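Notes follow the structure.
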Amino acid sequence: MDYQTLTIAIADKVATVTLNRPELRNAFNEHAIAELALAFDELGRSDTVRAIVLAANGPSFCAGADLNWMKKMAAYSHEENQEDALRLADMLRTIYLCPKPTVAKVQGDCYAGGMGLVAACDIVVAVDTAGFCLSEVKLGLIPATISPYVIKAMGEQAARRYFLTAERFDALEARRIGFAHEVVAADALDATVAGIARALVNNSPNAVKEAKTLVRDIVGKPVDDALLADTAGRIAAIRASLEGREGVASFLEKRKPTWLQT
């Protein structure tokens with residue numbers, strides 16, 4: 001498919017989805033939302049892709065919503081606003097639930113809805129000059145649609161502050177509160193993301209998928225008999241899987257597993 005707001009490149013089993021509206025600071029509209037949902041859905045089902053990097057062209061990663069799109073929304077009815085918001089929510093959920101591991105490569109400022117895109121990814125690497133801001137309340141709005149992902153990423157206490165104050169914070173603060181995993185200089189960003197992508201690709205594709213699901217399913221659950229039975233069932237199933245058996249066999253036989261030979 002020819003995308004209008006994105007570019008997609010695949011190399012060495014890593015797909016790079018790049019926001020490509022630099023003249024608008026990669027702000028998204030209904031077309032970008034639809035294309036992001038489609039891209040992550042298709043790449044998530046692709047047998048040739050084992051990891052996905054979400055990147056952006058230009059000095060900004062994503063400024064949130066496109067101003068022209070916001071002008072149109074101002075004239076929407078409640079029902080139209082509900083439908084529009086659900087499309088954004090569905091796109092974020094598609095990224096969050098993507099069966100392939102995802103890495104956000106934040107090369108510049110990330111505001112409002114852009115923070116939702118980043119928070120929906122599994123791993124976040126940011127350049128040390130990037131700024132972050134949940135600016136919605138300055139416009140009389142709230143970061144509702146992105147909140148499930150942003151709160152998971154930064155935690156409740158940090159969300160209480162930054163949702164309410166709309167303060168801009170830097171990349172080091174993003175790492176301190178857990179929103180970003182790594183903060184690097186601009187000249188180290190490509191290599192750092194490439195290294196993480198390589199690590200993801202080198203692991204068992206099925207195990208990576210199941211580990212991603214494991215984190216999502218276990219977080220917040222009480223450590224009771226049901227949880228013990230669930231986790232025991234998961235390890236029993238993966239031990240008996242083709243990749244589980246191959247991984248153990250290759251380790252014992254001191255050879256590369258089959259997923260590194262394809």
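Letters for chains follow the order of the structure tokens (A, B, ...), residue numbers begin at 1 for each chain, and ligand numbers begin at 1 in the order shown.
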Give one line per residue of segment 133-246 of chain A that approaches segment 101-109 of chain A to at most 9 Å, naming the two atoms of the closest pair and their distance in Å to one decimal, counting only C-alpha atoms; sort by chain then ascending residue number and deliver it as a Markdown table.
| residue | atom | partner | partner_atom | distance |
| --- | --- | --- | --- | --- |
| A:Cys133 | CA | A:Asp109 | CA | 8.4 |
| A:Ala186 | CA | A:Gln107 | CA | 7.4 |
| A:Leu189 | CA | A:Gln107 | CA | 7.6 |
| A:Asp190 | CA | A:Lys105 | CA | 8.4 |
| A:Val193 | CA | A:Lys105 | CA | 6.8 |
| A:Ile196 | CA | A:Val103 | CA | 8.2 |
| A:Ala197 | CA | A:Val103 | CA | 7.7 |
| A:Leu200 | CA | A:Pro101 | CA | 7.3 |
| A:Val208 | CA | A:Pro101 | CA | 7.3 |
| A:Lys209 | CA | A:Pro101 | CA | 7.3 |
| A:Lys212 | CA | A:Pro101 | CA | 7.4 |
message: I'd like the neighbourhood of Asp128 of chain A as a ChimeraX atom specification, where a residue qualifies if any of its atoms comes within 7 Å (using only C-alpha atoms), though same-chain residues fewer than 4 positions away should be ignored.
response: /A:171,183-185
Next, the residues of the selection above should be written as a PDB file, in the first residue's frame with N, CA, C and O atoms.
ATOM      1  N   ALA A 171      13.963  14.800  28.676  1.00  0.00           N
ATOM      2  CA  ALA A 171      14.151  13.359  28.473  1.00  0.00           C
ATOM      3  C   ALA A 171      14.654  12.670  29.743  1.00  0.00           C
ATOM      4  O   ALA A 171      14.287  11.521  30.010  1.00  0.00           O
ATOM      5  N   VAL A 183      17.905   7.165  27.419  1.00  0.00           N
ATOM      6  CA  VAL A 183      18.099   8.514  26.890  1.00  0.00           C
ATOM      7  C   VAL A 183      19.530   8.589  26.388  1.00  0.00           C
ATOM      8  O   VAL A 183      20.474   8.294  27.133  1.00  0.00           O
ATOM      9  N   VAL A 184      19.691   8.968  25.121  1.00  0.00           N
ATOM     10  CA  VAL A 184      21.016   8.953  24.505  1.00  0.00           C
ATOM     11  C   VAL A 184      21.247  10.242  23.721  1.00  0.00           C
ATOM     12  O   VAL A 184      20.306  10.956  23.370  1.00  0.00           O
ATOM     13  N   ALA A 185      22.495  10.512  23.432  1.00  0.00           N
ATOM     14  CA  ALA A 185      22.835  11.643  22.570  1.00  0.00           C
ATOM     15  C   ALA A 185      22.342  11.372  21.152  1.00  0.00           C
ATOM     16  O   ALA A 185      22.155  10.214  20.755  1.00  0.00           O
TER      17      ALA A 185
END
message: Using DSSP secondary structure from the backbone, list all strand (DSSP E or B) positions within segment 2-67 of chain A, as a PyMOL selection string.
response: chain A and resi 6-11+14-19+28+51-56+60-62+65
Take the residues from that selection and put them in a file with N, CA, C and O atoms, as a tab-separated table (two decimals), in the first residue's frame.
chain	number	residue	atom	x	y	z
A	6	LEU	N	2.97	8.12	6.23
A	6	LEU	CA	4.00	7.26	6.79
A	6	LEU	C	4.93	6.77	5.70
A	6	LEU	O	4.57	6.77	4.52
A	7	THR	N	6.11	6.32	6.10
A	7	THR	CA	6.94	5.49	5.24
A	7	THR	C	7.22	4.20	6.01
A	7	THR	O	7.30	4.21	7.24
A	8	ILE	N	7.36	3.11	5.28
A	8	ILE	CA	7.64	1.82	5.91
A	8	ILE	C	8.80	1.17	5.18
A	8	ILE	O	8.80	1.07	3.95
A	9	ALA	N	9.78	0.74	5.95
A	9	ALA	CA	10.94	0.04	5.39
A	9	ALA	C	11.17	-1.23	6.22
A	9	ALA	O	11.01	-1.21	7.44
A	10	ILE	N	11.53	-2.30	5.55
A	10	ILE	CA	11.80	-3.57	6.23
A	10	ILE	C	13.19	-4.04	5.84
A	10	ILE	O	13.52	-4.14	4.66
A	11	ALA	N	14.01	-4.31	6.85
A	11	ALA	CA	15.37	-4.80	6.61
A	11	ALA	C	15.78	-5.67	7.80
A	11	ALA	O	15.55	-5.29	8.96
A	14	VAL	N	13.37	-6.33	10.65
A	14	VAL	CA	12.90	-5.19	11.43
A	14	VAL	C	12.15	-4.23	10.51
A	14	VAL	O	12.69	-3.79	9.49
A	15	ALA	N	10.92	-3.93	10.85
A	15	ALA	CA	10.14	-2.94	10.10
A	15	ALA	C	10.25	-1.59	10.80
A	15	ALA	O	10.11	-1.51	12.03
A	16	THR	N	10.51	-0.55	10.03
A	16	THR	CA	10.55	0.80	10.58
A	16	THR	C	9.38	1.59	10.00
A	16	THR	O	9.29	1.80	8.79
A	17	VAL	N	8.47	1.99	10.88
A	17	VAL	CA	7.33	2.82	10.51
A	17	VAL	C	7.68	4.25	10.89
A	17	VAL	O	7.90	4.55	12.07
A	18	THR	N	7.75	5.12	9.90
A	18	THR	CA	8.22	6.48	10.14
A	18	THR	C	7.11	7.49	9.89
A	18	THR	O	6.52	7.54	8.79
A	19	LEU	N	6.77	8.27	10.91
A	19	LEU	CA	5.83	9.37	10.73
A	19	LEU	C	6.46	10.36	9.77
A	19	LEU	O	7.60	10.79	9.96
A	28	PHE	N	-0.93	14.27	13.90
A	28	PHE	CA	-1.75	13.30	13.17
A	28	PHE	C	-3.19	13.80	12.98
A	28	PHE	O	-3.71	14.59	13.75
A	51	ALA	N	10.28	-7.44	14.59
A	51	ALA	CA	10.27	-6.27	15.48
A	51	ALA	C	9.87	-5.05	14.66
A	51	ALA	O	10.11	-5.01	13.44
A	52	ILE	N	9.27	-4.07	15.33
A	52	ILE	CA	8.81	-2.86	14.65
A	52	ILE	C	9.35	-1.64	15.40
A	52	ILE	O	9.21	-1.54	16.62
A	53	VAL	N	9.96	-0.73	14.66
A	53	VAL	CA	10.44	0.54	15.21
A	53	VAL	C	9.50	1.64	14.73
A	53	VAL	O	9.21	1.74	13.54
A	54	LEU	N	9.01	2.45	15.66
A	54	LEU	CA	8.20	3.62	15.32
A	54	LEU	C	9.11	4.84	15.42
A	54	LEU	O	9.61	5.18	16.49
A	55	ALA	N	9.33	5.49	14.29
A	55	ALA	CA	10.25	6.63	14.20
A	55	ALA	C	9.51	7.83	13.59
A	55	ALA	O	8.31	7.76	13.31
A	56	ALA	N	10.25	8.91	13.37
A	56	ALA	CA	9.64	10.11	12.78
A	56	ALA	C	10.69	10.89	12.01
A	56	ALA	O	11.87	10.88	12.37
A	60	SER	N	10.75	17.16	15.10
A	60	SER	CA	9.79	16.75	16.13
A	60	SER	C	9.36	15.31	15.91
A	60	SER	O	9.20	14.87	14.77
A	61	PHE	N	9.13	14.59	17.02
A	61	PHE	CA	8.59	13.25	16.89
A	61	PHE	C	7.10	13.32	16.55
A	61	PHE	O	6.67	12.81	15.53
A	62	CYS	N	6.32	13.95	17.41
A	62	CYS	CA	4.89	14.11	17.12
A	62	CYS	C	4.33	15.18	18.03
A	62	CYS	O	4.49	15.11	19.25
A	65	ALA	N	-2.30	16.24	17.92
A	65	ALA	CA	-3.34	16.37	16.89
A	65	ALA	C	-3.06	17.52	15.95
A	65	ALA	O	-2.59	18.59	16.36
task: List every residue of segment 147-251 of chain A that DSSP, applied to the backbone of this structure, assigns to helix (DSSP H, G or I), and report them as a VMD selection string.
output: chain A and resid 147 to 154 156 to 165 171 to 176 186 to 202 205 to 218 225 to 239 242 to 251
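For the residues A:Asn68, A:Asn26, A:Thr231, A:Thr262, ranking by smallest atom-to-atom distance to Asp217 of chain A using only C-alpha atoms places A:Thr231 first.
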- prompt: To one decimal place, how far is atom CA of Leu228 of chain A from atom CA of Leu242 of chain A in Å?
  reply: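 Rounded to one decimal, the two atoms are 23.7 Å apart.
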